[in-house]
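Participant: One structure is given below, represented as structure tokens, and several questions about it will come after.
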Amino acid sequence: MSTGASRLPDIERSSEGGSRYRLRDLFTPLDTLLVSGGDPRLTLDARDRVNAYGCAASPEPEIWNFASSTASTISQLAYDRAALAREELMHKCLFDEVEVAFDSRCESMREELRGHLQLSPRVDIVFSPSGTDSQLHALFLARAVLGAPPVTIVVGADQTGSGTAHTAGGRHFSTLTASGLAVRKDGAVAGLAGDSIAVPLLEAAAPGIAMRADADAAVMRAVEDSLAQGRCVLLHIMDSSKLGWRAPSAACLDEIARRWPRKVQVVVDACQARLGRRRLRSYLDRGYMVLTTGSKFFGGPAFSGALLVPKGLSRSIDRIGAIAPGIFDYAGRCDWPMAWTALRSRFERRPNFGQWLRWEAALAEIGSYYAVPGAFRARALAELAAGIDSMIALSPSLQAVPNPSGPAGADDEEFAAATIFPFTLLRDGRPVSIADTSAVHRALARDMNEDIDGSAADRQVAAQRCLVGQSVRLERADGSPQGVLRLCVGARLVTEAWSADAMQSQRNLQHILDRIAHVLVKIDLLLNSATAAPRKFVLEA
């Protein structure tokens with residue numbers, strides 16, 4: 001390291017006349033780098049040193065993670081991979097420009113991700129700081145493929161990321177871009193702003209939480225109406241939503257392809273990464289773009305986004321003429337695949353070290369997951385699903401939200417089993433308010449030992465810190481929103497449970513279920529303790 005530091009002045013160069021990105025930037029503390037290069041959602045709270053999702057920048061093994069639908073704390077395995085990757089890049093930068101060495105490393109990550117997901121070498125990968133940024137990339141590329149500004153139809157608009165309402169219309173989703181540019185939230189991204197149509201999945205008039213019965217018909221109407229107006233369409237479909245729902249149906253997509261060939265570009269919101277590799281390949285084979293992340297099911301640190309682009313679209317993309325100027329604020333040269341030489345040449349060399357390190361960490365988790373035999377992955381997810389379903393059904397404080405997506409097909413592989421388990425909270429048999437639901441979510445992540453008036457055993461339960469999927473806000477027909485929490489099974493649970501010793505792996509799975517039971521008991525204590533009423537927690541947010 002001392003040799004590298006002595007050469008710093010010699011590294012501050014670029015074939016394009018200088019660079020803001022120097023070797024010394026890589027000497028920034030790893031924790032700081034891991035939360036850099038993103039929007040304000042990554043910012044750590046000054047007191048607790050966690051982001052908006054309760055996750056720190058370094059491993060916290062004492063916290064139980066069942067929050068992969070939202071965000072997970074970084075594992076030691078992933079943290080070590082990021083640390084090693086940084087050291088390796090530092091070494092390469094002693095012999096080459098920072099941007100050149102960084103570009104090569106990103107291309108290696110593309111190859112590694114394709115290998116883990118068993119994708120064709122001709123599938124291109126565009127990296128980004130988050131799945132929300134990737135949505136803007138998809139809109140940018142769809143304009144090139146369709147040859148005109150599309151109207152974006154968002155299926156499951158009520159169960160996707162909050163930023164999608166903005167990105168679907170080509171608008172800024174935050175007040176700060178990952179490149180550090182201050183912008184006006186919901187302001188137009190220059191050259192990308194357009195129309196969008198929201199197709200919610202929730203049946204607002206139903207007495208419980210249910211998917212609307214006419215989801216396919218609503219999608220077909222939105223597509224037909226848009227095309228009748230002479231517009232082309234970017235159809236944003238869901239696989240899967242925050243609640244684990246999937247829409248529209250395969251039959252609906254087949255009908256759209258039959259009736260309007262080459263007029264509708266589909267992008268799959270698979271940011272949860274809860275789909276089998278065969279299913280993923282089938283989407284790409286049909287010419288769909290796919291949004292994914294390494295930070296949801298796979299358990300990498302938040303945020304790490306990617307857009308998977310099928311081979312048939314690349315030729316159109318690399319011949320793009322005029323470029324929407326706003327996209328330059330959301331991508332650097334290294335984000336685009338090396339094969340897209342013409343497009344890449346128009347972007348600034350702007351390495352995003354935080355985005356890169358978060359993907360390095362995510363790849364450690366993805367590789368570990370797929371190193372586990374497929375039969376065990378399927379058995380583990382099925383057994384955990386059965387156990388969690390049973391525990392939620394037996395709890396007087398929880399009411400399960402059903403998954404209406406229908407029976408899984410062969411392409412779902414291990415994801416034939418559910419991995420997101422949404423539920424509403426009940427007190428005296430009635431749903432609690434959305435404020436109380438959010439308060440319980442925050443309290444679960446804290447040591448509540450001193451706030452529980454109960455036995456020593458109760459206080460021990462309350463002391464355990466645990467993360468579950470944050471509250472999903474669902475609007476109701478009567479105007480009263482409802483909050484839904486989620487227990488989530490992620491890749492790391494499967495990886496940690498695996499053992500070549502069948503009896504040991506079974507004990508490991510039971511240990512996970514015991515922890516989940518512990519979490520449910522803590523929820524019950526938080527809801528019913530006289531001295532720890534959830535409204536008290538709101539004041540501590």
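Letters for chains follow the order of the structure tokens (A, B, ...), residue numbers begin at 1 for each chain, and ligand numbers begin at 1 in the order shown.
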Please return as a PyMOL selection string: the residues of range 100-304 of chain A that backbone DSSP assigns to strand (DSSP E).
Facilitator: chain A and resi 124-128+151-155+196-199+233-239+246-247+264-269+289-293
Participant: Range 476-536 of chain A: which residues are alpha helix (DSSP H) by DSSP, as JSON, numbers by chain?
Facilitator: {"A": [491, 492, 493, 494, 495, 496, 497, 502, 503, 504, 505, 506, 507, 508, 509, 510, 511, 512, 513, 514, 515, 516, 517, 518, 519, 520, 521, 522, 523, 524, 525, 526, 527, 528, 534, 535, 536]}
Participant: Restricting the calculation to only C-alpha atoms: of A:Phe353, A:Gln229, A:Val266, A:Cys334, which residue gets closest to Leu89 in chain A?
Facilitator: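 Among A:Phe353, A:Gln229, A:Val266, A:Cys334, it is A:Phe353 that comes nearest to Leu89 in chain A.
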Participant: Which one is closest to Phe173 in chain A: A:Glu414, A:Glu97, A:Asp25, A:Asp39? Count only C-alpha atoms.
Facilitator: A:Asp39
Participant: Taking only C-alpha atoms into account, name the residue in A:Ala456, A:Ala206, A:Val123, A:Ala491 that is nearest to Lys311 in chain A.
Facilitator: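 So, comparing all the options, the nearest one is A:Val123.
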Participant: What separation in Å, quoted to one decimal, exists between CA of Asp31 in chain A and CA of Asp447 in chain A?
Facilitator: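 CA of Asp447 in chain A lies 23.5 Å from CA of Asp31 in chain A.
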